[in-house]
file work.txt (compact mmCIF, C-alpha atoms)
# COMPACT_ATOMS: atom_id res chain seq x y z
CA MET A 1 -4.82 10.59 38.18
CA VAL A 2 -2.55 8.69 35.81
CA SER A 3 -3.82 5.17 35.18
CA PHE A 4 -1.37 2.33 34.71
CA THR A 5 -3.97 -0.41 34.91
CA ASN A 6 -6.42 0.65 32.23
CA PRO A 7 -4.41 1.86 29.27
CA ILE A 8 -6.30 3.86 26.70
CA LYS A 9 -5.75 3.10 23.08
CA ALA A 10 -4.36 5.66 20.69
CA SER A 11 -3.46 5.44 17.03
CA ALA A 12 -0.07 6.42 15.71
CA HIS A 13 -1.09 6.21 12.10
CA CYS A 14 -4.11 5.89 9.90
CA ASP A 15 -4.52 4.34 6.48
CA GLY A 16 -5.65 6.59 3.67
CA PRO A 17 -9.32 7.25 3.01
CA CYS A 18 -9.86 4.08 1.01
CA GLY A 19 -7.35 1.66 2.51
CA VAL A 20 -8.62 -1.22 0.38
CA TYR A 21 -5.74 -3.20 -1.13
CA ASP A 22 -5.65 -6.73 -2.46
CA PRO A 23 -3.12 -8.42 -4.75
CA ALA A 24 -6.11 -10.25 -6.25
CA SER A 25 -6.59 -7.49 -8.80
CA ALA A 26 -3.05 -7.99 -10.09
CA ARG A 27 -3.53 -11.75 -10.08
CA ILE A 28 -6.72 -11.58 -12.15
CA ALA A 29 -5.08 -9.37 -14.78
CA ALA A 30 -2.05 -11.68 -14.89
CA GLU A 31 -4.32 -14.69 -15.36
CA ALA A 32 -5.80 -12.90 -18.36
CA VAL A 33 -2.27 -12.36 -19.73
CA GLN A 34 -1.57 -16.05 -19.34
CA SER A 35 -4.88 -16.97 -20.93
CA MET A 36 -4.28 -14.74 -23.96
CA THR A 37 -0.74 -16.09 -24.33
CA THR A 38 -2.09 -19.63 -24.42
CA LYS A 39 -4.83 -18.71 -26.88
CA MET A 40 -2.41 -16.94 -29.21
CA LEU A 41 -0.17 -19.99 -29.35
CA ALA A 42 -3.14 -22.31 -29.90
CA LEU A 43 -4.75 -20.37 -32.74
CA GLU A 44 -4.41 -22.27 -35.96
CA HIS A 45 -3.22 -20.48 -39.05
CA PRO A 46 -5.68 -21.01 -41.96
CA ASP A 47 -4.71 -21.42 -45.59
CA SER A 48 -3.35 -18.03 -46.58
CA SER A 49 -5.19 -18.19 -49.91
CA ASN A 50 -8.49 -18.17 -48.04
CA THR A 51 -9.00 -14.43 -47.73
CA ALA A 52 -12.00 -14.53 -45.44
CA ALA A 53 -10.41 -17.08 -43.14
CA MET A 54 -7.18 -15.09 -43.03
CA ALA A 55 -9.09 -11.93 -42.16
CA GLY A 56 -10.81 -13.77 -39.33
CA PHE A 57 -7.53 -15.23 -38.12
CA LEU A 58 -5.71 -11.89 -38.16
CA ASN A 59 -8.62 -10.16 -36.49
CA THR A 60 -8.75 -12.75 -33.72
CA MET A 61 -4.97 -12.77 -33.22
CA SER A 62 -4.92 -8.97 -33.15
CA ARG A 63 -7.64 -8.88 -30.53
CA TYR A 64 -5.83 -11.50 -28.42
CA ALA A 65 -2.62 -9.47 -28.63
CA SER A 66 -4.48 -6.26 -27.79
CA ILE A 67 -6.07 -7.82 -24.71
CA LYS A 68 -2.75 -9.35 -23.65
CA GLU A 69 -1.18 -5.89 -23.89
CA GLU A 70 -3.97 -4.21 -21.90
CA GLN A 71 -4.05 -6.83 -19.19
CA ALA A 72 -0.25 -6.86 -18.84
CA HIS A 73 -0.36 -3.11 -18.39
CA LEU A 74 -3.20 -3.41 -15.90
CA THR A 75 -1.18 -6.01 -13.98
CA LYS A 76 1.73 -3.60 -13.88
CA SER A 77 -0.49 -0.73 -12.69
CA GLU A 78 -2.07 -2.82 -9.93
CA LEU A 79 1.36 -3.97 -8.76
CA LEU A 80 2.69 -0.41 -8.75
CA VAL A 81 -0.25 0.80 -6.64
CA LEU A 82 0.52 -1.91 -4.06
CA TRP A 83 4.19 -0.95 -4.08
CA THR A 84 3.76 2.82 -3.86
CA ASP A 85 0.59 3.10 -1.76
CA TYR A 86 0.22 0.01 0.41
CA PHE A 87 3.76 -0.91 1.38
CA LYS A 88 5.52 1.33 3.87
CA PRO A 89 9.15 1.70 4.98
CA GLU A 90 8.48 -0.41 8.07
CA HIS A 91 7.57 -3.39 5.86
CA LEU A 92 11.16 -3.49 4.66
CA GLU A 93 12.22 -4.73 8.09
CA SER A 94 10.58 -8.09 7.47
CA ASN A 95 10.89 -7.93 3.67
CA PRO A 96 14.28 -6.44 2.78
CA ASN A 97 13.94 -7.60 -0.84
CA LEU A 98 10.56 -5.97 -1.35
CA HIS A 99 11.69 -3.41 -3.93
CA ASP A 100 13.53 -6.03 -5.95
CA LEU A 101 10.47 -8.26 -5.86
CA PHE A 102 8.28 -5.52 -7.34
CA TRP A 103 10.94 -4.50 -9.87
CA ARG A 104 11.16 -8.06 -11.17
CA ALA A 105 7.37 -8.45 -11.21
CA THR A 106 6.77 -5.27 -13.20
CA LYS A 107 9.55 -6.19 -15.64
CA LEU A 108 7.80 -9.52 -16.20
CA CYS A 109 4.67 -7.59 -17.14
CA SER A 110 6.71 -5.90 -19.87
CA ALA A 111 8.20 -9.21 -20.98
CA CYS A 112 4.70 -10.66 -21.37
CA LYS A 113 3.77 -7.74 -23.63
CA VAL A 114 6.83 -8.02 -25.81
CA GLU A 115 6.75 -11.79 -26.19
CA VAL A 116 4.18 -14.55 -26.49
CA SER A 117 5.82 -16.60 -23.79
CA PRO A 118 4.15 -19.18 -21.56
CA THR A 119 7.30 -19.13 -19.44
CA HIS A 120 7.11 -15.40 -18.76
CA ALA A 121 3.35 -15.68 -18.15
CA GLN A 122 3.84 -18.42 -15.53
CA ASP A 123 6.79 -16.59 -13.98
CA LEU A 124 4.51 -13.57 -13.65
CA MET A 125 1.88 -15.68 -11.87
CA ASP A 126 4.55 -17.13 -9.59
CA ILE A 127 5.95 -13.77 -8.58
CA ILE A 128 2.49 -12.37 -7.92
CA GLU A 129 1.89 -15.37 -5.67
CA GLU A 130 5.05 -14.39 -3.79
CA ILE A 131 3.74 -10.83 -3.48
CA HIS A 132 0.36 -12.21 -2.33
CA ASN A 133 2.11 -14.10 0.50
CA VAL A 134 4.22 -11.08 1.51
CA PHE A 135 1.15 -8.82 1.45
CA TRP A 136 -1.09 -11.01 3.62
CA ALA A 137 1.76 -11.71 6.03
CA THR A 138 1.95 -7.96 6.71
CA LYS A 139 -1.70 -8.11 7.73
CA GLY A 140 -1.20 -11.22 9.86
CA ARG A 141 -3.72 -13.14 7.77
CA GLU A 142 -3.45 -16.39 5.86
CA VAL A 143 -5.28 -15.98 2.60
CA PRO A 144 -5.05 -18.90 0.19
CA TRP A 145 -3.75 -18.37 -3.30
CA ILE A 146 -6.69 -19.26 -5.51
CA ARG A 147 -6.70 -18.90 -9.26
CA ALA A 148 -9.86 -18.02 -11.14
CA SER A 149 -8.77 -20.10 -14.12
CA MET B 1 4.88 7.22 14.19
CA TRP B 2 7.19 4.51 12.93
CA PRO B 3 10.13 4.26 13.46
CA THR B 4 9.77 6.04 16.81
CA LEU B 5 6.75 3.94 17.80
CA SER B 6 5.46 0.64 16.46
CA ASP B 7 2.03 -0.98 16.58
CA GLY B 8 1.40 -2.44 20.02
CA ASP B 9 3.90 -0.25 21.85
CA ASN B 10 2.87 0.87 25.33
CA VAL B 11 3.74 4.44 26.14
CA ILE B 12 3.28 6.75 29.09
CA CYS B 13 1.30 9.92 28.74
CA ASN B 14 1.53 12.88 31.08
CA PRO B 15 -1.81 14.68 30.92
CA LEU B 16 -0.49 17.47 33.15
CA ALA B 17 2.58 18.29 31.05
CA TYR B 18 1.00 21.40 29.60
CA SER B 19 -0.92 22.62 32.63
CA HIS B 20 1.76 25.20 33.32
CA PHE B 21 4.09 24.87 30.37
CA GLN B 22 3.64 25.40 26.66
CA PRO B 23 4.01 22.56 24.18
CA GLU B 24 7.21 22.76 22.14
CA ALA B 25 8.24 21.69 18.67
CA GLY B 26 9.66 18.19 18.90
CA ASP B 27 7.29 17.07 21.68
CA VAL B 28 5.43 13.83 21.01
CA VAL B 29 1.84 14.33 22.09
CA LEU B 30 -1.51 12.60 22.51
CA VAL B 31 -4.10 14.43 20.47
CA GLN B 32 -7.82 14.29 19.77
CA HIS B 33 -8.14 13.72 16.01
CA PRO B 34 -9.86 16.80 14.54
CA PHE B 35 -12.15 14.76 12.27
CA HIS B 36 -12.90 11.72 14.44
CA SER B 37 -14.21 12.40 17.93
CA ASN B 38 -13.48 8.87 19.16
CA LEU B 39 -9.94 8.72 17.83
CA LEU B 40 -6.86 9.58 19.82
CA ILE B 41 -3.63 9.87 17.90
CA ILE B 42 0.04 10.25 18.77
CA LYS B 43 2.07 12.70 16.68
CA ARG B 44 5.08 14.95 16.99
CA ILE B 45 4.71 18.72 17.16
CA SER B 46 6.48 20.17 14.13
CA GLU B 47 5.58 23.83 14.55
CA LEU B 48 3.69 26.24 16.77
CA GLN B 49 1.70 28.59 14.58
CA THR B 50 1.46 32.31 15.27
CA ASP B 51 -2.31 32.00 15.70
CA GLY B 52 -1.83 29.58 18.58
CA THR B 53 -2.61 26.41 16.66
CA VAL B 54 -0.19 23.48 16.49
CA SER B 55 1.13 21.62 13.44
CA LEU B 56 1.60 17.90 13.90
CA THR B 57 3.65 15.43 11.92
CA GLY B 58 4.23 11.69 11.92
CA ASP B 59 7.83 10.47 12.11
CA ASN B 60 7.52 8.09 9.16
CA PRO B 61 9.86 9.23 6.36
CA ASP B 62 7.35 7.97 3.75
CA PRO B 63 5.31 11.02 2.71
CA THR B 64 2.17 8.92 2.21
CA SER B 65 2.29 7.07 5.52
CA SER B 66 1.22 9.58 8.11
CA ASP B 67 -2.18 11.08 8.76
CA ASP B 68 -1.11 14.39 10.24
CA SER B 69 -1.36 18.14 9.75
CA HIS B 70 -0.46 17.64 6.07
CA ASN B 71 -3.89 16.02 5.85
CA PHE B 72 -5.96 17.72 8.55
CA GLY B 73 -4.17 21.03 9.08
CA PRO B 74 -2.93 22.45 12.39
CA VAL B 75 -4.95 21.62 15.50
CA GLN B 76 -6.12 23.69 18.46
CA LYS B 77 -3.89 23.55 21.55
CA SER B 78 -6.95 22.31 23.42
CA ALA B 79 -6.88 19.14 21.30
CA ILE B 80 -3.56 18.18 22.91
CA LEU B 81 -4.37 15.83 25.77
CA GLY B 82 -0.90 15.16 27.09
CA LYS B 83 2.79 14.62 26.44
CA ILE B 84 4.06 11.18 25.47
CA ILE B 85 7.22 10.03 27.21
CA VAL B 86 9.40 8.46 24.52
CA ASN B 87 12.78 6.98 25.38
call {"tool": "encode", "arguments": {"input": "work.txt", "output": "structure tokens"}}
result
Amino acid sequence: MVSFTNPIKASAHCDGPCGVYDPASARIAAEAVQSMTTKMLALEHPDSSNTAAMAGFLNTMSRYASIKEEQAHLTKSELLVLWTDYFKPEHLESNPNLHDLFWRATKLCSACKVEVSPTHAQDLMDIIEEIHNVFWATKGREVPWIRAS
Amino acid sequence: MWPTLSDGDNVICNPLAYSHFQPEAGDVVLVQHPFHSNLLIIKRISELQTDGTVSLTGDNPDPTSSDDSHNFGPVQKSAILGKIIVN
């Protein structure tokens, strides 16, 4: 009555209803942070006596800063969803530094908000690439790291 | 059911374990998932309810990891297909 030759398959766990996770969403937002950082540093300051030009310059710079802020926050949110919802205690066995990795990544998001720093922006991209590799390794898949920009 | 069981583990199920005996809290059991007729799951019995239904729980300490009675409520005893032998 008990079969040893044809094992049946059972599940010990299920993913949540959605179960769709991808570090790509964090990467895209971080690329936007990097892009805005670059644009802010490249914007040329007009003659301050030219009122109209100054208004345009300040408006553009403000919008760049606003988008940098939003996208850095979005990056942080996307990373936190991966950390809290995708990763499980068993993933710590192969990635004992997982929590530190996410702590450093989310702090870089804050650093990119506070400063206009190409270094922080690239460090953020680099750490998300590390998270990308850790993530896909847990799924046993090799997914290339491809930037949109 | 991590850390008790990991993906790919082979386990032995005794389908006759509850023919003459009642399931008990702490038993690891093979169960028909209440929402998916083709899905068999392995969970631990956490509690026997007074109405005869059975509450199941996963062993994972992460509260978001397990799909168990916290999600689908207690199950009928008839959904329990056997007892899993865990070392």
call {"tool": "closest_atom_pairs", "arguments": {"input": "work.txt", "of": "chain B", "to": "chain A", "cutoff": "10 Å", "atoms": "only C-alpha atoms", "output": "JSON lines"}}
result
{"residue": "B:Met1", "atom": "CA", "partner": "A:Ala12", "partner_atom": "CA", "distance": 5.2}
{"residue": "B:Trp2", "atom": "CA", "partner": "A:Glu90", "partner_atom": "CA", "distance": 7.0}
{"residue": "B:Pro3", "atom": "CA", "partner": "A:Glu90", "partner_atom": "CA", "distance": 7.3}
{"residue": "B:Thr4", "atom": "CA", "partner": "A:Ala12", "partner_atom": "CA", "distance": 9.9}
{"residue": "B:Leu5", "atom": "CA", "partner": "A:Ala12", "partner_atom": "CA", "distance": 7.6}
{"residue": "B:Ser6", "atom": "CA", "partner": "A:Ala12", "partner_atom": "CA", "distance": 8.0}
{"residue": "B:Asp7", "atom": "CA", "partner": "A:Ala12", "partner_atom": "CA", "distance": 7.7}
{"residue": "B:Gly8", "atom": "CA", "partner": "A:Lys9", "partner_atom": "CA", "distance": 9.5}
{"residue": "B:Asp9", "atom": "CA", "partner": "A:Ala12", "partner_atom": "CA", "distance": 9.9}
{"residue": "B:Asn10", "atom": "CA", "partner": "A:Pro7", "partner_atom": "CA", "distance": 8.3}
{"residue": "B:Val11", "atom": "CA", "partner": "A:Pro7", "partner_atom": "CA", "distance": 9.1}
{"residue": "B:Ile12", "atom": "CA", "partner": "A:Phe4", "partner_atom": "CA", "distance": 8.5}
{"residue": "B:Cys13", "atom": "CA", "partner": "A:Val2", "partner_atom": "CA", "distance": 8.1}
{"residue": "B:Asn14", "atom": "CA", "partner": "A:Val2", "partner_atom": "CA", "distance": 7.5}
{"residue": "B:Pro15", "atom": "CA", "partner": "A:Val2", "partner_atom": "CA", "distance": 7.8}
{"residue": "B:Leu16", "atom": "CA", "partner": "A:Val2", "partner_atom": "CA", "distance": 9.4}
{"residue": "B:Leu30", "atom": "CA", "partner": "A:Ala10", "partner_atom": "CA", "distance": 7.7}
{"residue": "B:Val31", "atom": "CA", "partner": "A:Ala10", "partner_atom": "CA", "distance": 8.8}
{"residue": "B:Gln32", "atom": "CA", "partner": "A:Ala10", "partner_atom": "CA", "distance": 9.3}
{"residue": "B:His33", "atom": "CA", "partner": "A:Ser11", "partner_atom": "CA", "distance": 9.6}
{"residue": "B:Asn38", "atom": "CA", "partner": "A:Ala10", "partner_atom": "CA", "distance": 9.8}
{"residue": "B:Leu39", "atom": "CA", "partner": "A:Ala10", "partner_atom": "CA", "distance": 7.0}
{"residue": "B:Leu40", "atom": "CA", "partner": "A:Ala10", "partner_atom": "CA", "distance": 4.7}
{"residue": "B:Ile41", "atom": "CA", "partner": "A:Ser11", "partner_atom": "CA", "distance": 4.5}
{"residue": "B:Ile42", "atom": "CA", "partner": "A:Ala12", "partner_atom": "CA", "distance": 4.9}
{"residue": "B:Lys43", "atom": "CA", "partner": "A:Ala12", "partner_atom": "CA", "distance": 6.7}
{"residue": "B:Gly58", "atom": "CA", "partner": "A:His13", "partner_atom": "CA", "distance": 7.6}
{"residue": "B:Asp59", "atom": "CA", "partner": "A:Ala12", "partner_atom": "CA", "distance": 9.6}
{"residue": "B:Asn60", "atom": "CA", "partner": "A:Pro89", "partner_atom": "CA", "distance": 7.8}
{"residue": "B:Pro61", "atom": "CA", "partner": "A:Pro89", "partner_atom": "CA", "distance": 7.7}
{"residue": "B:Asp62", "atom": "CA", "partner": "A:Pro89", "partner_atom": "CA", "distance": 6.6}
{"residue": "B:Pro63", "atom": "CA", "partner": "A:Lys88", "partner_atom": "CA", "distance": 9.8}
{"residue": "B:Thr64", "atom": "CA", "partner": "A:Asp85", "partner_atom": "CA", "distance": 7.2}
{"residue": "B:Ser65", "atom": "CA", "partner": "A:Lys88", "partner_atom": "CA", "distance": 6.8}
{"residue": "B:Ser66", "atom": "CA", "partner": "A:His13", "partner_atom": "CA", "distance": 5.7}
{"residue": "B:Asp67", "atom": "CA", "partner": "A:Cys14", "partner_atom": "CA", "distance": 5.7}
{"residue": "B:Asp68", "atom": "CA", "partner": "A:His13", "partner_atom": "CA", "distance": 8.4}
{"residue": "B:Asn71", "atom": "CA", "partner": "A:Gly16", "partner_atom": "CA", "distance": 9.8}
call {"tool": "atom_distance", "arguments": {"input": "work.txt", "atom1": "CA of Val33 in chain A", "atom2": "CA of Asp100 in chain A"}}
result
21.9 Å
call {"tool": "closest_residue", "arguments": {"input": "work.txt", "among": "A:Thr138, A:Thr60, A:Ser149, A:Thr5", "to": "His91 in chain A", "atoms": "only C-alpha atoms"}}
result
A:Thr138
call {"tool": "closest_residue", "arguments": {"input": "work.txt", "among": "A:Val20, A:Val134, A:Leu79, A:Leu43", "to": "Leu92 in chain A", "atoms": "all atoms listed in the file"}}
result
A:Val134
call {"tool": "atom_distance", "arguments": {"input": "work.txt", "atom1": "CA of Pro23 in chain A", "atom2": "CA of Phe135 in chain A"}}
result
7.5 Å
call {"tool": "axis_aligned_box", "arguments": {"input": "work.txt", "around": "range 10-22 of chain B", "padding_each_side": "8 Å", "output": "lines of an AutoDock Vina configuration file"}}
result
center_x = 1.1
center_y = 13.1
center_z = 29.3
size_x = 21.9
size_y = 40.5
size_z = 24.0
call {"tool": "atom_distance", "arguments": {"input": "work.txt", "atom1": "CA of Tyr18 in chain B", "atom2": "CA of Asn87 in chain B"}}
result
19.1 Å
call {"tool": "residues_near_point", "arguments": {"input": "work.txt", "point": "(-1.0, -10.8, -14.4)", "cutoff": "8 Å", "atoms": "only C-alpha atoms", "output": "list in words"}}
result
Ala26, Arg27, Ile28, Ala29, Ala30, Glu31, Ala32, Val33, Gln34, Gln71, Ala72, Leu74, Thr75, Lys76, Cys109, Ala121, Leu124, Met125 and Ile128 of chain A
call {"tool": "residues_around", "arguments": {"input": "work.txt", "residues": "Gln76 in chain B", "least_positions_apart": "5", "cutoff": "8 Å", "atoms": "all atoms listed in the file", "output": "PyMOL selection string"}}
result
chain B and resi 52-54
call {"tool": "closest_residue", "arguments": {"input": "work.txt", "among": "B:Ser69, B:Ser37, B:Ile84, B:Pro74", "to": "Thr50 in chain B", "atoms": "all atoms listed in the file"}}
result
B:Pro74
call {"tool": "residues_around", "arguments": {"input": "work.txt", "residues": "Trp145 in chain A", "least_positions_apart": "2", "cutoff": "9 Å", "atoms": "only C-alpha atoms", "output": "PyMOL selection string"}}
result
chain A and resi 24+129+132-133+143+147
call {"tool": "residues_around", "arguments": {"input": "work.txt", "residues": "Ala111 in chain A", "least_positions_apart": "5", "cutoff": "9 Å", "atoms": "only C-alpha atoms", "output": "CSV table (one decimal) with C-alpha atoms, in the coordinates of the input"}}
result
chain,number,residue,atom,x,y,z
A,106,THR,CA,6.8,-5.3,-13.2
A,116,VAL,CA,4.2,-14.6,-26.5
A,117,SER,CA,5.8,-16.6,-23.8
A,120,HIS,CA,7.1,-15.4,-18.8
A,121,ALA,CA,3.4,-15.7,-18.2
call {"tool": "build_atoms", "arguments": {"input": "work.txt", "residues": "range 20-51 of chain B", "atoms": "N, CA and C atoms", "output": "PDB file, in the coordinates of the input"}}
result
ATOM      1  N   HIS B  20       1.050  23.946  33.031  1.00  0.00           N
ATOM      2  CA  HIS B  20       1.760  25.200  33.320  1.00  0.00           C
ATOM      3  C   HIS B  20       2.816  25.541  32.302  1.00  0.00           C
ATOM      4  N   PHE B  21       3.065  24.619  31.385  1.00  0.00           N
ATOM      5  CA  PHE B  21       4.090  24.870  30.370  1.00  0.00           C
ATOM      6  C   PHE B  21       3.475  24.771  28.982  1.00  0.00           C
ATOM      7  N   GLN B  22       4.124  25.432  28.034  1.00  0.00           N
ATOM      8  CA  GLN B  22       3.640  25.400  26.660  1.00  0.00           C
ATOM      9  C   GLN B  22       4.204  24.187  25.933  1.00  0.00           C
ATOM     10  N   PRO B  23       3.429  23.615  25.030  1.00  0.00           N
ATOM     11  CA  PRO B  23       4.010  22.560  24.180  1.00  0.00           C
ATOM     12  C   PRO B  23       5.112  23.152  23.307  1.00  0.00           C
ATOM     13  N   GLU B  24       6.077  22.304  22.964  1.00  0.00           N
ATOM     14  CA  GLU B  24       7.210  22.760  22.140  1.00  0.00           C
ATOM     15  C   GLU B  24       7.371  21.886  20.910  1.00  0.00           C
ATOM     16  N   ALA B  25       7.925  22.469  19.872  1.00  0.00           N
ATOM     17  CA  ALA B  25       8.240  21.690  18.670  1.00  0.00           C
ATOM     18  C   ALA B  25       9.168  20.547  19.070  1.00  0.00           C
ATOM     19  N   GLY B  26       8.870  19.362  18.546  1.00  0.00           N
ATOM     20  CA  GLY B  26       9.660  18.190  18.900  1.00  0.00           C
ATOM     21  C   GLY B  26       8.966  17.304  19.913  1.00  0.00           C
ATOM     22  N   ASP B  27       8.030  17.878  20.693  1.00  0.00           N
ATOM     23  CA  ASP B  27       7.290  17.070  21.680  1.00  0.00           C
ATOM     24  C   ASP B  27       6.427  16.051  20.955  1.00  0.00           C
ATOM     25  N   VAL B  28       6.356  14.835  21.510  1.00  0.00           N
ATOM     26  CA  VAL B  28       5.430  13.830  21.010  1.00  0.00           C
ATOM     27  C   VAL B  28       4.196  13.893  21.915  1.00  0.00           C
ATOM     28  N   VAL B  29       3.036  14.045  21.307  1.00  0.00           N
ATOM     29  CA  VAL B  29       1.840  14.330  22.090  1.00  0.00           C
ATOM     30  C   VAL B  29       0.667  13.432  21.743  1.00  0.00           C
ATOM     31  N   LEU B  30      -0.242  13.300  22.712  1.00  0.00           N
ATOM     32  CA  LEU B  30      -1.510  12.600  22.510  1.00  0.00           C
ATOM     33  C   LEU B  30      -2.542  13.654  22.125  1.00  0.00           C
ATOM     34  N   VAL B  31      -3.225  13.399  21.030  1.00  0.00           N
ATOM     35  CA  VAL B  31      -4.100  14.430  20.470  1.00  0.00           C
ATOM     36  C   VAL B  31      -5.468  13.840  20.102  1.00  0.00           C
ATOM     37  N   GLN B  32      -6.492  14.625  20.274  1.00  0.00           N
ATOM     38  CA  GLN B  32      -7.820  14.290  19.770  1.00  0.00           C
ATOM     39  C   GLN B  32      -7.814  14.555  18.266  1.00  0.00           C
ATOM     40  N   HIS B  33      -8.131  13.521  17.463  1.00  0.00           N
ATOM     41  CA  HIS B  33      -8.140  13.720  16.010  1.00  0.00           C
ATOM     42  C   HIS B  33      -9.226  14.735  15.651  1.00  0.00           C
ATOM     43  N   PRO B  34      -8.884  15.752  14.835  1.00  0.00           N
ATOM     44  CA  PRO B  34      -9.860  16.800  14.540  1.00  0.00           C
ATOM     45  C   PRO B  34     -11.105  16.345  13.783  1.00  0.00           C
ATOM     46  N   PHE B  35     -11.000  15.204  13.071  1.00  0.00           N
ATOM     47  CA  PHE B  35     -12.150  14.760  12.270  1.00  0.00           C
ATOM     48  C   PHE B  35     -12.888  13.573  12.873  1.00  0.00           C
ATOM     49  N   HIS B  36     -12.282  12.931  13.876  1.00  0.00           N
ATOM     50  CA  HIS B  36     -12.900  11.720  14.440  1.00  0.00           C
ATOM     51  C   HIS B  36     -12.925  11.849  15.951  1.00  0.00           C
ATOM     52  N   SER B  37     -14.114  12.082  16.501  1.00  0.00           N
ATOM     53  CA  SER B  37     -14.210  12.400  17.930  1.00  0.00           C
ATOM     54  C   SER B  37     -13.819  11.242  18.827  1.00  0.00           C
ATOM     55  N   ASN B  38     -13.846  10.011  18.324  1.00  0.00           N
ATOM     56  CA  ASN B  38     -13.480   8.870  19.160  1.00  0.00           C
ATOM     57  C   ASN B  38     -12.040   8.420  18.960  1.00  0.00           C
ATOM     58  N   LEU B  39     -11.286   9.155  18.169  1.00  0.00           N
ATOM     59  CA  LEU B  39      -9.940   8.720  17.830  1.00  0.00           C
ATOM     60  C   LEU B  39      -8.881   9.584  18.498  1.00  0.00           C
ATOM     61  N   LEU B  40      -8.016   8.903  19.238  1.00  0.00           N
ATOM     62  CA  LEU B  40      -6.860   9.580  19.820  1.00  0.00           C
ATOM     63  C   LEU B  40      -5.637   9.185  18.998  1.00  0.00           C
ATOM     64  N   ILE B  41      -4.818  10.148  18.696  1.00  0.00           N
ATOM     65  CA  ILE B  41      -3.630   9.870  17.900  1.00  0.00           C
ATOM     66  C   ILE B  41      -2.387  10.389  18.611  1.00  0.00           C
ATOM     67  N   ILE B  42      -1.255   9.830  18.221  1.00  0.00           N
ATOM     68  CA  ILE B  42       0.040  10.250  18.770  1.00  0.00           C
ATOM     69  C   ILE B  42       0.859  10.809  17.620  1.00  0.00           C
ATOM     70  N   LYS B  43       1.282  12.050  17.719  1.00  0.00           N
ATOM     71  CA  LYS B  43       2.070  12.700  16.680  1.00  0.00           C
ATOM     72  C   LYS B  43       3.140  13.571  17.325  1.00  0.00           C
ATOM     73  N   ARG B  44       4.050  14.036  16.502  1.00  0.00           N
ATOM     74  CA  ARG B  44       5.080  14.950  16.990  1.00  0.00           C
ATOM     75  C   ARG B  44       4.717  16.378  16.590  1.00  0.00           C
ATOM     76  N   ILE B  45       4.946  17.312  17.493  1.00  0.00           N
ATOM     77  CA  ILE B  45       4.710  18.720  17.160  1.00  0.00           C
ATOM     78  C   ILE B  45       5.819  19.193  16.238  1.00  0.00           C
ATOM     79  N   SER B  46       5.459  19.665  15.053  1.00  0.00           N
ATOM     80  CA  SER B  46       6.480  20.170  14.130  1.00  0.00           C
ATOM     81  C   SER B  46       6.640  21.679  14.265  1.00  0.00           C
ATOM     82  N   GLU B  47       5.516  22.361  14.536  1.00  0.00           N
ATOM     83  CA  GLU B  47       5.580  23.830  14.550  1.00  0.00           C
ATOM     84  C   GLU B  47       4.444  24.396  15.392  1.00  0.00           C
ATOM     85  N   LEU B  48       4.748  25.479  16.085  1.00  0.00           N
ATOM     86  CA  LEU B  48       3.690  26.240  16.770  1.00  0.00           C
ATOM     87  C   LEU B  48       3.357  27.427  15.879  1.00  0.00           C
ATOM     88  N   GLN B  49       2.098  27.510  15.490  1.00  0.00           N
ATOM     89  CA  GLN B  49       1.700  28.590  14.580  1.00  0.00           C
ATOM     90  C   GLN B  49       1.496  29.894  15.349  1.00  0.00           C
ATOM     91  N   THR B  50       1.593  30.989  14.624  1.00  0.00           N
ATOM     92  CA  THR B  50       1.460  32.310  15.270  1.00  0.00           C
ATOM     93  C   THR B  50       0.040  32.530  15.796  1.00  0.00           C
ATOM     94  N   ASP B  51      -0.937  31.810  15.228  1.00  0.00           N
ATOM     95  CA  ASP B  51      -2.310  32.000  15.700  1.00  0.00           C
ATOM     96  C   ASP B  51      -2.636  31.103  16.887  1.00  0.00           C
TER      97      ASP B  51
END
